[in-house]
>>> print(open('my_file.cif').read())   # mmCIF, C-alpha atoms
data_query
loop_
_atom_site.label_atom_id
_atom_site.label_comp_id
_atom_site.auth_asym_id
_atom_site.auth_seq_id
_atom_site.Cartn_x
_atom_site.Cartn_y
_atom_site.Cartn_z
CA MET A 165 0.00 0.00 0.00
CA ARG A 166 1.32 3.42 -0.94
CA ARG A 167 1.80 5.73 2.02
CA ARG A 168 0.63 9.35 1.94
CA VAL A 169 3.26 12.08 2.01
CA VAL A 170 2.63 15.58 3.36
CA ILE A 171 4.62 18.80 3.66
CA THR A 172 5.11 20.00 7.22
CA GLY A 173 7.89 22.57 6.97
CA LEU A 174 9.04 25.23 4.52
CA GLY A 175 12.26 27.21 4.24
CA ILE A 176 13.34 29.65 1.56
CA VAL A 177 15.88 32.34 0.74
CA CYS A 178 15.76 33.96 -2.69
CA PRO A 179 15.79 37.34 -4.47
CA ILE A 180 12.34 38.31 -3.17
CA GLY A 181 12.78 37.41 0.49
CA ASN A 182 14.79 35.63 3.16
CA ASP A 183 11.99 33.54 4.69
CA LYS A 184 8.61 32.20 3.61
CA GLU A 185 6.67 35.12 5.09
CA GLU A 186 8.72 37.73 3.26
CA VAL A 187 8.67 35.73 0.03
CA TRP A 188 4.91 35.23 0.14
CA SER A 189 4.40 38.93 0.82
CA SER A 190 6.48 39.67 -2.29
CA VAL A 191 4.49 37.16 -4.36
CA LYS A 192 1.20 38.74 -3.35
CA ALA A 193 2.55 42.21 -4.10
CA GLY A 194 4.05 41.12 -7.43
CA ARG A 195 7.47 42.33 -6.32
CA CYS A 196 10.41 41.72 -8.65
CA GLY A 197 13.78 40.92 -7.07
CA ILE A 198 15.95 41.58 -10.13
CA GLY A 199 18.48 44.42 -10.15
CA PRO A 200 22.06 45.44 -10.91
CA ILE A 201 24.76 42.91 -10.04
CA THR A 202 26.62 43.82 -6.83
CA LEU A 203 28.43 40.56 -6.04
CA TYR A 204 31.21 41.48 -8.48
CA ASP A 205 31.97 44.24 -10.97
CA PRO A 206 30.21 43.34 -14.26
CA ALA A 207 31.57 46.33 -16.18
CA GLU A 208 33.50 44.19 -18.66
CA GLN A 209 30.64 41.75 -19.27
CA LYS A 210 27.44 42.04 -21.30
CA VAL A 211 25.04 40.99 -18.54
CA LYS A 212 24.54 43.56 -15.79
CA LEU A 213 21.41 42.24 -14.03
CA ALA A 214 20.69 39.31 -11.73
CA GLY A 215 18.40 38.21 -8.94
CA GLU A 216 20.62 38.44 -5.85
CA VAL A 217 19.79 37.47 -2.27
CA LYS A 218 19.67 40.69 -0.25
CA ASP A 219 20.35 41.60 3.40
CA LEU A 220 20.57 38.00 4.61
CA LYS A 221 21.69 37.73 8.25
CA LEU A 222 23.69 34.55 7.85
CA ASP A 223 24.86 34.62 11.49
CA ASP A 224 21.29 33.91 12.55
CA TYR A 225 21.54 30.50 10.88
CA VAL A 226 25.16 29.38 10.60
CA ASP A 227 28.11 29.67 12.99
CA LYS A 228 30.67 32.14 11.60
CA ARG A 229 33.56 29.69 11.72
CA GLU A 230 31.53 26.97 10.03
CA ALA A 231 30.25 29.39 7.39
CA ARG A 232 33.84 30.05 6.27
CA LYS A 233 34.11 26.37 5.35
CA MET A 234 31.03 26.54 3.12
CA ASP A 235 30.48 27.83 -0.39
CA ARG A 236 27.72 30.39 -0.75
CA TYR A 237 25.35 27.74 -2.17
CA THR A 238 25.80 25.58 0.95
CA GLN A 239 25.20 28.58 3.18
CA PHE A 240 21.89 29.17 1.42
CA ALA A 241 20.99 25.50 1.83
CA MET A 242 21.69 25.64 5.56
CA VAL A 243 19.49 28.72 5.93
CA ALA A 244 16.55 27.12 4.11
CA ALA A 245 16.97 23.81 5.94
CA LYS A 246 17.06 25.46 9.37
CA GLN A 247 13.93 27.43 8.59
CA ALA A 248 12.13 24.30 7.37
CA MET A 249 13.21 22.12 10.29
CA THR A 250 12.20 24.79 12.79
CA ASP A 251 8.89 25.37 10.99
CA SER A 252 8.09 21.65 11.02
CA GLY A 253 8.34 21.26 14.79
CA LEU A 254 10.51 18.16 14.34
CA LEU A 255 13.54 19.46 16.24
CA GLY A 256 12.06 18.65 19.62
CA LEU A 257 10.83 15.20 18.65
CA ASP A 258 12.56 12.45 20.63
CA GLU A 259 12.91 9.51 18.26
CA PRO A 260 15.74 7.80 16.35
CA ARG A 261 16.60 9.60 13.11
CA ASP A 262 17.69 6.59 11.10
CA ARG A 263 14.53 6.97 8.98
CA TRP A 264 15.05 10.71 8.51
CA GLY A 265 17.07 11.71 5.45
CA VAL A 266 17.98 14.52 3.08
CA ILE A 267 18.16 15.09 -0.66
CA MET A 268 19.49 18.60 -1.21
CA SER A 269 20.49 19.25 -4.80
CA SER A 270 22.48 21.80 -6.76
CA GLY A 271 22.93 22.17 -10.48
CA ILE A 272 26.49 23.48 -10.30
CA GLY A 273 27.64 23.36 -6.67
CA GLY A 274 30.46 25.55 -5.41
CA ILE A 275 31.31 27.42 -8.61
CA GLY A 276 32.27 30.55 -6.66
CA THR A 277 34.80 28.58 -4.62
CA ILE A 278 36.21 26.98 -7.77
CA GLU A 279 36.74 30.40 -9.37
CA ASN A 280 38.34 31.92 -6.28
CA GLU A 281 40.68 29.00 -5.64
CA LYS A 282 41.75 28.90 -9.27
CA VAL A 283 42.94 32.49 -8.91
CA ARG A 284 44.65 31.70 -5.60
CA GLY A 285 46.39 28.69 -7.16
CA MET A 286 47.68 30.74 -10.08
CA GLU A 287 49.03 33.41 -7.72
CA LYS A 288 50.48 31.29 -4.89
CA GLY A 289 50.84 27.79 -6.33
CA TYR A 290 48.19 25.09 -6.52
CA ASP A 291 49.43 23.27 -3.43
CA ARG A 292 48.45 26.34 -1.42
CA VAL A 293 44.77 26.43 -2.25
CA SER A 294 42.36 26.16 0.67
CA PRO A 295 42.22 22.76 2.41
CA TYR A 296 38.45 23.21 2.25
CA PHE A 297 38.46 23.72 -1.54
CA ILE A 298 37.17 20.24 -2.39
CA PRO A 299 34.45 19.92 0.29
CA MET A 300 33.34 23.49 -0.44
CA SER A 301 33.00 22.94 -4.18
CA ILE A 302 31.38 19.52 -4.56
CA ALA A 303 27.65 19.50 -5.23
CA ASN A 304 26.66 16.98 -2.54
CA MET A 305 28.12 18.92 0.37
CA ALA A 306 24.99 20.93 1.17
CA ALA A 307 23.17 17.64 1.79
CA GLY A 308 26.08 16.42 3.90
CA HIS A 309 26.14 19.53 6.07
CA ILE A 310 22.38 19.34 6.66
CA ALA A 311 22.58 15.67 7.66
CA ILE A 312 25.41 16.41 10.11
CA GLU A 313 23.64 19.43 11.58
CA TYR A 314 20.41 17.55 12.33
CA GLY A 315 21.67 14.00 12.84
CA LEU A 316 19.84 12.60 9.83
CA HIS A 317 21.03 9.01 9.52
CA GLY A 318 18.73 7.96 6.67
CA MET A 319 19.46 8.35 2.99
CA CYS A 320 21.58 11.42 2.20
CA THR A 321 22.22 12.28 -1.43
CA SER A 322 22.17 15.00 -4.08
CA VAL A 323 20.56 14.82 -7.51
CA VAL A 324 22.25 16.78 -10.30
CA THR A 325 19.95 17.27 -13.29
CA ALA A 326 20.67 20.91 -14.15
CA CYS A 327 17.58 23.08 -13.67
CA ALA A 328 15.44 20.08 -12.72
CA SER A 329 17.74 19.10 -9.83
CA ALA A 330 15.60 20.24 -6.91
CA ALA A 331 12.43 18.86 -8.48
CA ASN A 332 14.07 15.43 -8.69
CA ALA A 333 15.20 15.87 -5.08
CA ILE A 334 11.63 16.50 -3.97
CA GLY A 335 10.19 13.76 -6.17
CA GLU A 336 12.68 11.13 -5.07
CA SER A 337 12.12 12.09 -1.43
CA PHE A 338 8.39 11.70 -2.02
CA ARG A 339 8.87 8.19 -3.43
CA HIS A 340 11.32 7.28 -0.66
CA ILE A 341 8.67 7.95 1.98
CA ARG A 342 5.69 6.72 -0.05
CA ASP A 343 7.36 3.37 -0.65
CA GLY A 344 8.24 2.86 3.00
CA TYR A 345 11.98 3.52 3.08
CA GLY A 346 11.83 6.55 5.35
CA ASP A 347 9.50 8.75 7.39
CA VAL A 348 10.98 12.25 7.10
CA MET A 349 13.02 13.89 4.32
CA VAL A 350 14.55 17.34 3.97
CA ALA A 351 14.23 18.00 0.23
CA GLY A 352 15.19 20.90 -2.00
CA GLY A 353 18.01 22.66 -3.77
CA ALA A 354 20.50 25.50 -3.50
CA GLU A 355 22.49 27.54 -6.00
CA ALA A 356 24.89 30.49 -6.00
CA ALA A 357 25.99 30.94 -9.60
CA ILE A 358 26.10 34.71 -9.94
CA THR A 359 29.85 34.68 -10.62
CA PRO A 360 31.89 36.12 -13.50
CA LEU A 361 32.73 32.74 -15.03
CA CYS A 362 29.27 31.24 -14.71
CA MET A 363 27.57 34.36 -16.04
CA GLY A 364 30.06 34.49 -18.87
CA GLY A 365 29.38 30.87 -19.76
CA PHE A 366 25.63 31.36 -19.97
CA THR A 367 26.14 34.62 -21.88
CA SER A 368 28.35 32.86 -24.43
CA LEU A 369 25.63 30.22 -24.73
CA LYS A 370 23.19 33.08 -25.47
CA ALA A 371 20.90 31.88 -22.72
CA LEU A 372 20.95 35.07 -20.60
CA THR A 373 19.18 38.29 -21.48
CA THR A 374 21.34 41.39 -21.88
CA ALA A 375 18.36 43.67 -21.13
CA ALA A 376 19.23 46.73 -19.06
CA ASP A 377 15.78 47.37 -17.57
CA PRO A 378 14.98 45.10 -14.58
CA ALA A 379 11.29 45.37 -15.45
CA ARG A 380 11.86 43.99 -18.96
CA ALA A 381 14.51 41.37 -18.25
CA SER A 382 12.83 38.25 -16.86
CA ILE A 383 9.56 38.31 -18.81
CA PRO A 384 8.30 34.74 -19.33
CA PHE A 385 5.76 34.21 -22.13
CA ASP A 386 6.18 37.82 -23.30
CA ALA A 387 6.82 38.24 -27.04
CA GLU A 388 9.85 40.41 -26.24
CA ARG A 389 11.57 37.85 -24.00
CA SER A 390 15.25 37.45 -24.82
CA GLY A 391 16.73 35.03 -22.30
CA PHE A 392 16.67 34.27 -18.58
CA VAL A 393 18.00 36.24 -15.62
CA MET A 394 20.30 34.41 -13.20
CA GLY A 395 19.03 34.12 -9.65
CA GLU A 396 20.40 32.56 -6.45
CA GLY A 397 19.13 31.10 -3.20
CA ALA A 398 17.65 27.91 -1.80
CA GLY A 399 14.41 26.19 -0.93
CA ALA A 400 13.78 23.34 1.50
CA LEU A 401 10.63 21.33 2.20
CA ILE A 402 10.05 18.84 4.99
CA LEU A 403 8.30 15.82 3.52
CA GLU A 404 6.75 13.51 6.09
CA GLU A 405 4.68 10.34 6.13
CA TYR A 406 1.10 11.33 6.85
CA GLU A 407 0.50 9.16 9.93
CA HIS A 408 3.83 10.23 11.39
CA ALA A 409 2.81 13.87 10.97
CA ARG A 410 -0.75 13.34 12.21
CA LYS A 411 0.29 11.54 15.39
CA ARG A 412 2.51 14.41 16.47
CA GLY A 413 -0.09 17.05 15.58
CA ALA A 414 2.03 18.68 12.88
CA GLN A 415 0.82 21.54 10.72
CA ILE A 416 0.28 20.22 7.21
CA TYR A 417 0.74 22.73 4.38
CA ALA A 418 -0.22 20.44 1.51
CA GLU A 419 0.09 16.89 0.27
CA ILE A 420 2.43 15.81 -2.52
CA VAL A 421 0.63 13.24 -4.63
CA GLY A 422 2.39 12.94 -7.98
CA TYR A 423 5.85 12.90 -9.55
CA GLY A 424 6.69 12.56 -13.23
CA ALA A 425 10.22 12.40 -14.61
CA ASN A 426 11.49 11.67 -18.10
CA CYS A 427 14.04 12.79 -20.68
CA ASP A 428 13.69 14.45 -24.07
CA ALA A 429 16.79 12.57 -25.31
CA TYR A 430 16.94 15.23 -28.01
CA HIS A 431 19.59 17.94 -27.44
CA ILE A 432 22.02 19.04 -24.72
CA THR A 433 20.44 22.49 -24.26
CA ALA A 434 17.30 22.79 -26.40
CA PRO A 435 13.92 21.26 -25.46
CA SER A 436 12.32 18.72 -27.77
CA PRO A 437 10.26 20.33 -30.56
CA GLU A 438 6.70 21.20 -29.58
CA GLY A 439 7.47 20.26 -25.97
CA THR A 440 6.65 16.58 -26.42
CA GLY A 441 8.87 15.55 -23.51
CA ALA A 442 7.31 18.15 -21.21
CA GLU A 443 3.84 17.02 -22.22
CA GLN A 444 4.56 13.39 -21.44
CA CYS A 445 6.17 14.37 -18.13
CA MET A 446 3.06 16.27 -17.00
CA ARG A 447 0.89 13.33 -18.03
CA LEU A 448 3.10 10.93 -16.06
CA ALA A 449 2.79 13.12 -12.96
CA MET A 450 -0.99 13.35 -13.21
CA GLU A 451 -1.25 9.62 -13.78
CA ASP A 452 0.92 9.05 -10.70
CA ALA A 453 -1.41 11.33 -8.72
CA GLY A 454 -4.51 9.59 -10.08
CA ILE A 455 -6.01 12.80 -11.45
CA SER A 456 -7.19 14.07 -14.82
CA PRO A 457 -6.30 17.44 -16.42
CA ALA A 458 -9.80 18.64 -15.51
CA GLU A 459 -8.81 18.60 -11.82
CA VAL A 460 -5.73 20.85 -12.21
CA ASP A 461 -6.31 24.48 -11.24
CA TYR A 462 -2.84 26.02 -11.40
CA ILE A 463 0.55 25.37 -13.00
CA ASN A 464 3.75 27.01 -11.80
CA ALA A 465 5.48 26.81 -15.16
CA HIS A 466 9.18 26.35 -15.79
CA GLY A 467 8.74 29.63 -17.72
CA THR A 468 12.36 30.72 -18.08
CA SER A 469 11.86 33.72 -20.42
CA THR A 470 13.76 32.04 -23.24
CA LYS A 471 12.19 31.84 -26.69
CA MET A 472 12.25 28.06 -26.99
CA ASN A 473 11.31 27.02 -23.46
CA ASP A 474 8.24 29.20 -23.12
CA SER A 475 6.78 28.38 -26.54
CA CYS A 476 7.44 24.62 -26.18
CA GLU A 477 6.04 24.48 -22.64
CA SER A 478 2.97 26.45 -23.75
CA ALA A 479 2.37 24.06 -26.65
CA ALA A 480 2.60 21.08 -24.29
CA ILE A 481 0.09 22.62 -21.87
CA ARG A 482 -2.34 23.46 -24.68
CA ARG A 483 -2.30 19.88 -25.96
CA ILE A 484 -2.95 18.46 -22.50
CA PHE A 485 -5.85 20.77 -21.62
CA GLY A 486 -7.29 21.38 -25.09
CA ASP A 487 -10.37 23.62 -25.09
CA ASP A 488 -10.19 23.78 -21.28
CA VAL A 489 -6.79 25.47 -21.26
CA LYS A 490 -8.09 28.99 -20.48
CA ARG A 491 -9.54 27.68 -17.22
CA VAL A 492 -6.08 26.75 -15.96
CA ARG A 493 -3.91 29.53 -14.55
CA VAL A 494 -0.27 29.22 -15.68
CA SER A 495 2.25 31.65 -14.21
CA SER A 496 6.02 31.81 -13.93
CA THR A 497 7.39 33.02 -10.62
CA LYS A 498 10.79 33.33 -12.34
CA SER A 499 9.43 36.70 -13.46
CA MET A 500 10.05 37.76 -9.85
CA THR A 501 13.03 35.64 -8.78
CA GLY A 502 14.94 35.03 -11.98
CA HIS A 503 16.14 31.50 -12.72
CA LEU A 504 17.89 29.82 -9.78
CA LEU A 505 19.13 26.87 -11.86
CA GLY A 506 19.34 23.81 -9.57
CA ALA A 507 17.48 25.64 -6.79
CA SER A 508 14.65 26.95 -8.96
CA ALA A 509 12.34 23.97 -8.48
CA ALA A 510 12.68 24.10 -4.69
CA VAL A 511 11.89 27.81 -4.51
CA GLU A 512 8.97 27.29 -6.89
CA ALA A 513 7.72 24.28 -4.93
CA VAL A 514 7.65 26.36 -1.73
CA ILE A 515 5.70 29.09 -3.53
CA THR A 516 3.34 26.57 -5.13
CA VAL A 517 2.63 24.89 -1.79
CA GLU A 518 1.86 28.30 -0.27
CA ALA A 519 -0.42 29.06 -3.23
CA VAL A 520 -2.35 25.81 -2.69
CA GLN A 521 -2.63 26.35 1.05
CA LYS A 522 -3.66 29.99 0.77
CA ASP A 523 -5.81 29.74 -2.39
CA PHE A 524 -3.91 32.48 -4.19
CA VAL A 525 -2.57 32.40 -7.75
CA PRO A 526 0.94 33.91 -8.10
CA PRO A 527 1.41 36.35 -10.98
CA THR A 528 3.73 36.59 -13.96
CA VAL A 529 4.96 40.12 -13.31
CA ASN A 530 6.15 42.61 -15.96
CA TYR A 531 4.27 40.77 -18.71
CA LYS A 532 3.20 43.25 -21.42
CA VAL A 533 3.36 41.92 -24.99
CA PRO A 534 1.32 38.78 -25.75
CA ASP A 535 2.93 36.06 -27.85
CA PRO A 536 0.57 33.94 -29.98
CA GLU A 537 2.87 30.96 -29.34
CA CYS A 538 2.23 31.32 -25.58
CA SER A 539 -1.54 31.77 -25.62
CA LEU A 540 -2.27 30.85 -22.00
CA ASP A 541 -3.76 32.64 -19.00
CA VAL A 542 -0.37 33.62 -17.57
CA VAL A 543 -1.84 35.69 -14.69
CA PRO A 544 -0.21 38.90 -15.94
CA GLY A 545 0.81 41.62 -13.51
CA ASN A 546 -1.06 40.74 -10.34
CA GLY A 547 -2.03 37.54 -8.58
CA TYR A 548 -5.46 37.03 -7.03
CA PRO A 549 -7.44 34.71 -4.74
CA MET A 550 -8.71 31.50 -6.34
CA LYS A 551 -9.48 28.08 -4.94
CA ILE A 552 -6.65 25.69 -5.80
CA SER A 553 -7.23 22.00 -5.17
CA TYR A 554 -4.44 20.63 -7.36
CA ALA A 555 -1.34 22.39 -8.70
CA LEU A 556 1.51 21.29 -10.94
CA SER A 557 5.07 22.60 -10.77
CA ASN A 558 7.22 22.09 -13.87
CA SER A 559 11.02 22.01 -14.06
CA PHE A 560 13.08 21.26 -17.14
CA GLY A 561 16.88 21.14 -17.44
CA PHE A 562 19.77 21.01 -19.89
CA GLY A 563 20.32 17.43 -21.00
CA GLY A 564 16.60 17.02 -21.62
CA HIS A 565 15.64 16.40 -17.98
CA ASN A 566 11.93 16.97 -17.26
CA VAL A 567 10.17 16.84 -13.90
CA THR A 568 6.61 17.64 -12.83
CA LEU A 569 5.38 17.61 -9.23
CA VAL A 570 1.71 17.50 -8.19
CA PHE A 571 0.52 19.13 -4.97
CA ARG A 572 -2.94 18.74 -3.40
CA LYS A 573 -4.69 20.81 -0.78
CA ALA A 574 -4.30 19.20 2.64
#
>>> encode(input="my_file.cif", output="structure tokens")
Amino acid sequence: MRRRVVITGLGIVCPIGNDKEEVWSSVKAGRCGIGPITLYDPAEQKVKLAGEVKDLKLDDYVDKREARKMDRYTQFAMVAAKQAMTDSGLLGLDEPRDRWGVIMSSGIGGIGTIENEKVRGMEKGYDRVSPYFIPMSIANMAAGHIAIEYGLHGMCTSVVTACASAANAIGESFRHIRDGYGDVMVAGGAEAAITPLCMGGFTSLKALTTAADPARASIPFDAERSGFVMGEGAGALILEEYEHARKRGAQIYAEIVGYGANCDAYHITAPSPEGTGAEQCMRLAMEDAGISPAEVDYINAHGTSTKMNDSCESAAIRRIFGDDVKRVRVSSTKSMTGHLLGASAAVEAVITVEAVQKDFVPPTVNYKVPDPECSLDVVPGNGYPMKISYALSNSFGFGGHNVTLVFRKA
């Protein structure tokens, strides 16, 4: 018998807020977190805008000495995990933690550390790089730090599937509990890729917008979209077996009921034509959840603000919902946060869960010019109250990785 899996804790740090309350306030207000890059001097590079985390009081979450041994992406993961664990009420629970685990993903890992230590090695000799260089840079270390911090002796791993990484982390955690292998999982993703090399790489790939106006940079589904805006941060969700949560009187935000994952097997960076892989992925997730398209109220789209992604994802959604497509609200919260790569799905999952719990549809902000290839109700400008029983959250990544998660009102 499949076990039910619920969400009992949320943690988030991203360009529109440093906790779930601040983020949700920004979502309701349609606040955009994109602005000029301050983490380094971008004067010699084409891209000048990003979605940076702002005014984070890291000392409130991580010991100063320990923080120096962590890349920025791991620091973000620790912040989100601490918020989620505290929110869940699990910290005071006296039980063995051998069935508590963590899957905390990252698309790139410690790229900032790699860049800094490369410079140090060139200047002082490579044998004099930091002794923490390797553990700071590898992509599984955020998961490792979280497990150590909270004594999580169950499965501890990190999925790396580019921009679908955190969605796979959440989906695999869901299956892990549903199939009886664990009772509690910390699931999510973290990324800190606003660095000269990383930004340069995506610019060379022509994936990033070079727009100068923050209000016309990350504009998913808009006919004038010209690429994505890099964001940073982390999201963490506490997934828990329903009876385990019920017996301890936990607050339940929502239930996760479906997970679809597949691969385009088409191209290393481009989605399959017409979004056929995305379509099948959404269908797999709904089948897993035991629901029909008629029961879906809201989709938090991958919606990157690139020409190909938005048109292909839109085509996939239109084929699934047919004449009923205008009933379904489809927004991209990347319009507010930018694209957090391996952390994007976790941040979007937190926002989607809040939307389901609070019956509020998040907007696609700064949308102005309709594109016939993206003819959906994209909730332009402002969100609004609406009953949401079921919501999908889509995440697609380089390499053809597709993931869809299904959330249900508790």
>>> closest_atom_pairs(input="my_file.cif", of="region 354-389 of chain A", to="region 198-209 of chain A", cutoff="10 Å", atoms="all atoms listed in the file", output="Markdown table")
| residue | atom | partner | partner_atom | distance |
| --- | --- | --- | --- | --- |
| A:Ile358 | CA | A:Leu203 | CA | 7.4 |
| A:Thr359 | CA | A:Tyr204 | CA | 7.3 |
| A:Pro360 | CA | A:Tyr204 | CA | 7.4 |
| A:Met363 | CA | A:Gln209 | CA | 8.6 |
| A:Gly364 | CA | A:Gln209 | CA | 7.3 |
| A:Thr367 | CA | A:Gln209 | CA | 8.8 |
| A:Thr374 | CA | A:Gln209 | CA | 9.7 |
| A:Ala376 | CA | A:Pro200 | CA | 8.7 |
| A:Asp377 | CA | A:Gly199 | CA | 8.4 |
| A:Pro378 | CA | A:Gly199 | CA | 5.7 |
| A:Ala379 | CA | A:Ile198 | CA | 8.0 |
| A:Ala381 | CA | A:Ile198 | CA | 8.2 |
| A:Ser382 | CA | A:Ile198 | CA | 8.1 |
>>> resolve_selection(input="my_file.cif", expression="the PyMOL selection byres ((chain A and resi 553) around 7)", output="list in words")
Asp461, Val520, Lys551, Ile552, Tyr554, Ala555, Arg572 and Lys573 of chain A
>>> atom_distance(input="my_file.cif", atom1="CA of Ser475 (chain A)", atom2="CA of Glu443 (chain A)")
12.5 Å
>>> closest_residue(input="my_file.cif", among="A:Ala356, A:Ala333, A:Val266, A:Cys327", to="Gly308 (chain A)", atoms="only C-alpha atoms")
A:Val266
>>> closest_residue(input="my_file.cif", among="A:Gly506, A:Ala193, A:Val525, A:Gly397", to="Arg236 (chain A)", atoms="all atoms listed in the file")
A:Gly397
>>> residues_around(input="my_file.cif", residues="Gly391 (chain A)", least_positions_apart="4", cutoff="7 Å", atoms="all atoms listed in the file", output="VMD selection string")
chain A and resid 371 to 373 469 to 470
>>> atom_distance(input="my_file.cif", atom1="CA of Asp386 (chain A)", atom2="CA of Thr501 (chain A)")
16.2 Å
>>> residues_near_point(input="my_file.cif", point="(2.1, 6.9, 2.3)", cutoff="8 Å", atoms="all atoms listed in the file", output="PDB file with C-alpha atoms, keeping the file's coordinate frame")
ATOM      1  CA  MET A 165       0.000   0.000   0.000  1.00  0.00           C
ATOM      2  CA  ARG A 166       1.320   3.420  -0.940  1.00  0.00           C
ATOM      3  CA  ARG A 167       1.800   5.730   2.020  1.00  0.00           C
ATOM      4  CA  ARG A 168       0.630   9.350   1.940  1.00  0.00           C
ATOM      5  CA  VAL A 169       3.260  12.080   2.010  1.00  0.00           C
ATOM      6  CA  ILE A 341       8.670   7.950   1.980  1.00  0.00           C
ATOM      7  CA  ARG A 342       5.690   6.720  -0.050  1.00  0.00           C
ATOM      8  CA  ASP A 343       7.360   3.370  -0.650  1.00  0.00           C
ATOM      9  CA  GLY A 344       8.240   2.860   3.000  1.00  0.00           C
ATOM     10  CA  GLU A 405       4.680  10.340   6.130  1.00  0.00           C
ATOM     11  CA  TYR A 406       1.100  11.330   6.850  1.00  0.00           C
TER      12      TYR A 406
END
>>> resolve_selection(input="my_file.cif", expression="the PyMOL selection byres ((chain A and resi 222-226) around 10)", output="VMD selection string")
chain A and resid 219 to 221 227 to 232 234 239 to 240 242 to 247
>>> atom_distance(input="my_file.cif", atom1="CA of Glu281 (chain A)", atom2="CA of Val177 (chain A)")
25.8 Å
>>> closest_residue(input="my_file.cif", among="A:Leu316, A:Leu213, A:Ala418, A:Ala241", to="Leu255 (chain A)", atoms="only C-alpha atoms")
A:Leu316
>>> residues_around(input="my_file.cif", residues="Ile275 (chain A)", least_positions_apart="6", cutoff="9 Å", atoms="only C-alpha atoms", output="list in words")
Asp235, Tyr237, Ser301, Ile302, Ala356, Ala357, Thr359, Leu361 and Cys362 of chain A
>>> residues_around(input="my_file.cif", residues="Ala510 (chain A)", least_positions_apart="6", cutoff="7 Å", atoms="only C-alpha atoms", output="list in words")
Ala330, Ala331, Gly352, Gly353, Ala398, Gly399 and Ala400 of chain A
>>> axis_aligned_box(input="my_file.cif", around="region 438-451 of chain A", padding_each_side="4 Å", output="JSON")
{"center_x": 3.8, "center_y": 15.4, "center_z": -21.3, "size_x": 18.1, "size_y": 19.6, "size_z": 24.6}
>>> closest_atom_pairs(input="my_file.cif", of="region 404-510 of chain A", to="region 318-325 of chain A", cutoff="12 Å", atoms="all atoms listed in the file", output="JSON lines")
{"residue": "A:Ala425", "atom": "CA", "partner": "A:Thr325", "partner_atom": "CA", "distance": 11.0}
{"residue": "A:Asn426", "atom": "CA", "partner": "A:Thr325", "partner_atom": "CA", "distance": 11.2}
{"residue": "A:Cys427", "atom": "CA", "partner": "A:Thr325", "partner_atom": "CA", "distance": 10.5}
{"residue": "A:Ile432", "atom": "CA", "partner": "A:Thr325", "partner_atom": "CA", "distance": 11.8}
{"residue": "A:Leu505", "atom": "CA", "partner": "A:Thr325", "partner_atom": "CA", "distance": 9.7}
{"residue": "A:Gly506", "atom": "CA", "partner": "A:Thr325", "partner_atom": "CA", "distance": 7.5}
{"residue": "A:Ala507", "atom": "CA", "partner": "A:Val324", "partner_atom": "CA", "distance": 10.7}
{"residue": "A:Ser508", "atom": "CA", "partner": "A:Thr325", "partner_atom": "CA", "distance": 11.9}
{"residue": "A:Ala509", "atom": "CA", "partner": "A:Thr325", "partner_atom": "CA", "distance": 11.2}
>>> resolve_selection(input="my_file.cif", expression="the PyMOL selection byres ((chain A and resi 535-537) around 9)", output="ChimeraX atom specification")
/A:385-388,474-476,478-479,533-534,538-540
